[in-house]
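Here's the structure we're looking at; comments come further down.
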Amino acid sequence: MKKVLITGSSSGIGKATAELFLKNDVPVVGIARQHKKFIHKSKLYEPIEADLSLIESLPKLITTILQEHPDIDVFIGNAGYGDFQSIENFSANQIRNFLNLNLISHITLCRFIVSHMKYEKNGTIFFYWF
Ligand SMILES: NC(=O)c1ccc[n+]([C@@H]2O[C@H](COP(=O)([O-])OP(=O)(O)OC[C@H]3O[C@@H](n4cnc5c(N)ncnc54)[C@H](OP(=O)(O)O)[C@@H]3O)[C@@H](O)[C@H]2O)c1
């Protein structure tokens, strides 16, 4: 394992996972909107600020990350949220935002990551969402 990319690394399961890798000296690139929730002193941690629900921005974001970190060989798709209100109370915008982050962003990132891992003939992908 050379380097791990984790989405939603600023809190909860993503943060705990990032801390575990860093404790074992595995470099981590973490994506979230608000990294001040998790300021890690390790030089092995690189926080990247991005809103993953902005789907159109993701191809450029992940292309840049993979160019700067071609040694990423593990991807953990974790960013997401639950919304447990009754279905009839969701607005169209809320449904769109929910699916954009919890589903479409993971698939979009994977389009590029799978291609990168196939080229490198190595890679592992985990999903924590849903
Ligand atoms: N905990 C549970 O019981 C449970 C159960 C089933 C599924 N899950 C799923 O497991 C994953 C982690 O859960 P958790 O409990 O650890 O959640 P959490 O503590 O709320 O953490 C969610 C992470 O996702 C990031 N995130 C949220 N919206 C984002 C956005 N638009 N762009 C970029 N990053 C974003 C958050 O960072 P920022 O806010 O800084 O952006 C945070 O780092 C989620 O996908 C959740 O839906 C959790």
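By order of appearance in the structure tokens: chains A, B, ..., then residues from 1 within every chain, and ligands from 1 in the order shown.
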- Excluding same-chain residues fewer than 2 positions from stretch 39-48 of chain A, what lies within 12 Å of it counting only C-alpha atoms, as a ChimeraX atom specification? /A:2-11,15-16,18-37,50-52,61-62,64-65,68-69
Selected residues, C-alpha atoms, written as a short mmCIF file (atom, residue, chain, number, x, y, z; two decimals), in the first residue's frame, please.
data_model
loop_
_atom_site.label_atom_id
_atom_site.label_comp_id
_atom_site.auth_asym_id
_atom_site.auth_seq_id
_atom_site.Cartn_x
_atom_site.Cartn_y
_atom_site.Cartn_z
CA LYS A 2 1.60 3.27 -1.14
CA LYS A 3 -0.97 6.05 -0.68
CA VAL A 4 -4.67 6.21 0.21
CA LEU A 5 -7.29 8.64 -1.12
CA ILE A 6 -10.24 9.06 1.27
CA THR A 7 -13.33 11.16 0.63
CA GLY A 8 -15.01 12.63 3.70
CA SER A 9 -11.79 12.55 5.75
CA SER A 10 -12.68 15.45 8.07
CA SER A 11 -14.95 13.61 10.51
CA LYS A 15 -11.42 10.68 9.85
CA ALA A 16 -10.97 7.53 11.95
CA ALA A 18 -7.35 8.37 7.91
CA GLU A 19 -5.94 8.39 11.47
CA LEU A 20 -5.45 4.63 11.35
CA PHE A 21 -3.49 4.79 8.08
CA LEU A 22 -1.38 7.73 9.30
CA LYS A 23 -0.62 5.90 12.55
CA ASN A 24 0.78 3.11 10.38
CA ASP A 25 2.87 5.56 8.30
CA VAL A 26 0.68 5.23 5.19
CA PRO A 27 0.30 8.60 3.40
CA VAL A 28 -3.28 9.86 3.05
CA VAL A 29 -4.87 12.37 0.68
CA GLY A 30 -8.19 13.45 2.18
CA ILE A 31 -11.07 15.28 0.54
CA ALA A 32 -13.69 17.26 2.47
CA ARG A 33 -15.20 20.75 2.61
CA GLN A 34 -14.11 21.72 6.15
CA HIS A 35 -10.74 20.41 7.17
CA LYS A 36 -10.55 22.49 10.31
CA LYS A 37 -12.55 19.69 11.95
CA ALA A 50 -13.65 20.33 -2.29
CA ASP A 51 -17.42 19.97 -2.40
CA LEU A 52 -18.02 16.58 -3.98
CA LEU A 61 -10.40 17.65 -9.33
CA ILE A 62 -9.59 13.94 -9.57
CA THR A 64 -5.28 16.94 -10.76
CA ILE A 65 -5.09 14.72 -7.66
CA GLU A 68 0.04 15.08 -8.24
CA HIS A 69 -0.26 11.72 -6.46
#
- Message: Write out as number ranges by chain the set of residues from chain A that DSSP, computed on the backbone, places in strand (DSSP E or B).
- Response: A: 3-7, 28-32, 45-49, 72-77, 124-127
Residues from the last selection, N, CA and C atoms, saved as a short mmCIF file (atom, residue, chain, number, x, y, z; two decimals), in the first residue's frame:
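Final file, result-v5.cif:
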data_model
loop_
_atom_site.label_atom_id
_atom_site.label_comp_id
_atom_site.auth_asym_id
_atom_site.auth_seq_id
_atom_site.Cartn_x
_atom_site.Cartn_y
_atom_site.Cartn_z
N LYS A 3 -0.28 4.82 -1.09
CA LYS A 3 -0.97 6.05 -0.68
C LYS A 3 -2.48 5.86 -0.80
N VAL A 4 -3.22 6.42 0.16
CA VAL A 4 -4.67 6.21 0.21
C VAL A 4 -5.39 7.54 -0.06
N LEU A 5 -6.41 7.49 -0.90
CA LEU A 5 -7.29 8.64 -1.12
C LEU A 5 -8.61 8.36 -0.41
N ILE A 6 -8.99 9.24 0.52
CA ILE A 6 -10.24 9.06 1.27
C ILE A 6 -11.14 10.28 1.05
N THR A 7 -12.38 10.05 0.68
CA THR A 7 -13.33 11.16 0.63
C THR A 7 -14.07 11.22 1.96
N VAL A 28 -1.85 9.73 3.34
CA VAL A 28 -3.28 9.86 3.05
C VAL A 28 -3.54 11.20 2.37
N VAL A 29 -4.31 11.16 1.28
CA VAL A 29 -4.87 12.37 0.68
C VAL A 29 -6.35 12.36 1.04
N GLY A 30 -6.81 13.42 1.71
CA GLY A 30 -8.19 13.45 2.18
C GLY A 30 -8.98 14.58 1.57
N ILE A 31 -10.19 14.26 1.12
CA ILE A 31 -11.07 15.28 0.54
C ILE A 31 -12.24 15.55 1.48
N ALA A 32 -12.52 16.84 1.72
CA ALA A 32 -13.69 17.26 2.47
C ALA A 32 -13.88 18.76 2.25
N TYR A 45 -0.18 13.60 5.71
CA TYR A 45 -1.58 13.90 5.41
C TYR A 45 -1.71 15.14 4.55
N GLU A 46 -2.37 14.98 3.40
CA GLU A 46 -2.63 16.15 2.57
C GLU A 46 -4.13 16.38 2.44
N PRO A 47 -4.64 17.45 3.07
CA PRO A 47 -6.08 17.75 2.96
C PRO A 47 -6.37 18.52 1.68
N ILE A 48 -7.43 18.12 1.00
CA ILE A 48 -7.85 18.84 -0.21
C ILE A 48 -9.29 19.30 0.02
N GLU A 49 -9.51 20.60 -0.14
CA GLU A 49 -10.84 21.15 0.11
C GLU A 49 -11.66 21.10 -1.16
N ILE A 72 -1.21 6.89 -5.65
CA ILE A 72 -2.45 6.48 -4.96
C ILE A 72 -2.84 5.09 -5.47
N ASP A 73 -2.92 4.13 -4.54
CA ASP A 73 -3.30 2.77 -4.94
C ASP A 73 -4.47 2.22 -4.13
N VAL A 74 -5.01 3.07 -3.22
CA VAL A 74 -6.22 2.68 -2.48
C VAL A 74 -7.17 3.87 -2.50
N PHE A 75 -8.43 3.60 -2.84
CA PHE A 75 -9.46 4.65 -2.81
C PHE A 75 -10.56 4.22 -1.86
N ILE A 76 -10.89 5.11 -0.92
CA ILE A 76 -12.00 4.85 0.01
C ILE A 76 -13.07 5.91 -0.20
N GLY A 77 -14.17 5.53 -0.82
CA GLY A 77 -15.29 6.43 -1.06
C GLY A 77 -16.20 6.42 0.16
N THR A 124 -6.98 -0.85 -5.08
CA THR A 124 -8.08 -1.39 -4.27
C THR A 124 -9.07 -0.27 -3.98
N ILE A 125 -10.36 -0.60 -4.09
CA ILE A 125 -11.41 0.40 -3.87
C ILE A 125 -12.38 -0.11 -2.80
N PHE A 126 -12.68 0.77 -1.84
CA PHE A 126 -13.68 0.46 -0.82
C PHE A 126 -14.75 1.54 -0.85
N PHE A 127 -15.98 1.16 -0.58
CA PHE A 127 -17.06 2.13 -0.40
C PHE A 127 -17.67 1.96 0.99
#
- Could you state the separation of atom CA of A:Glu56 and atom 2 (C, counted along the ligand's line) of ligand 1 in Å, given to one decimal place?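 Interatomic distance, atom CA of A:Glu56 to atom 2 (C, counted along the ligand's line) of ligand 1: 27.2 Å.
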- Item | Contacts of stretch 88-105 of chain A within 8 Å, only C-alpha atoms, excl. fewer than 5 positions in-chain, as JSON, numbers by chain | {"A": [52, 53, 54, 55, 58, 79, 80, 81, 129, 130]}
- Students should find that atom 31 (N, counted along the ligand's line) of ligand 1 and atom CA of A:Ile107 are spaced 14.5 Å
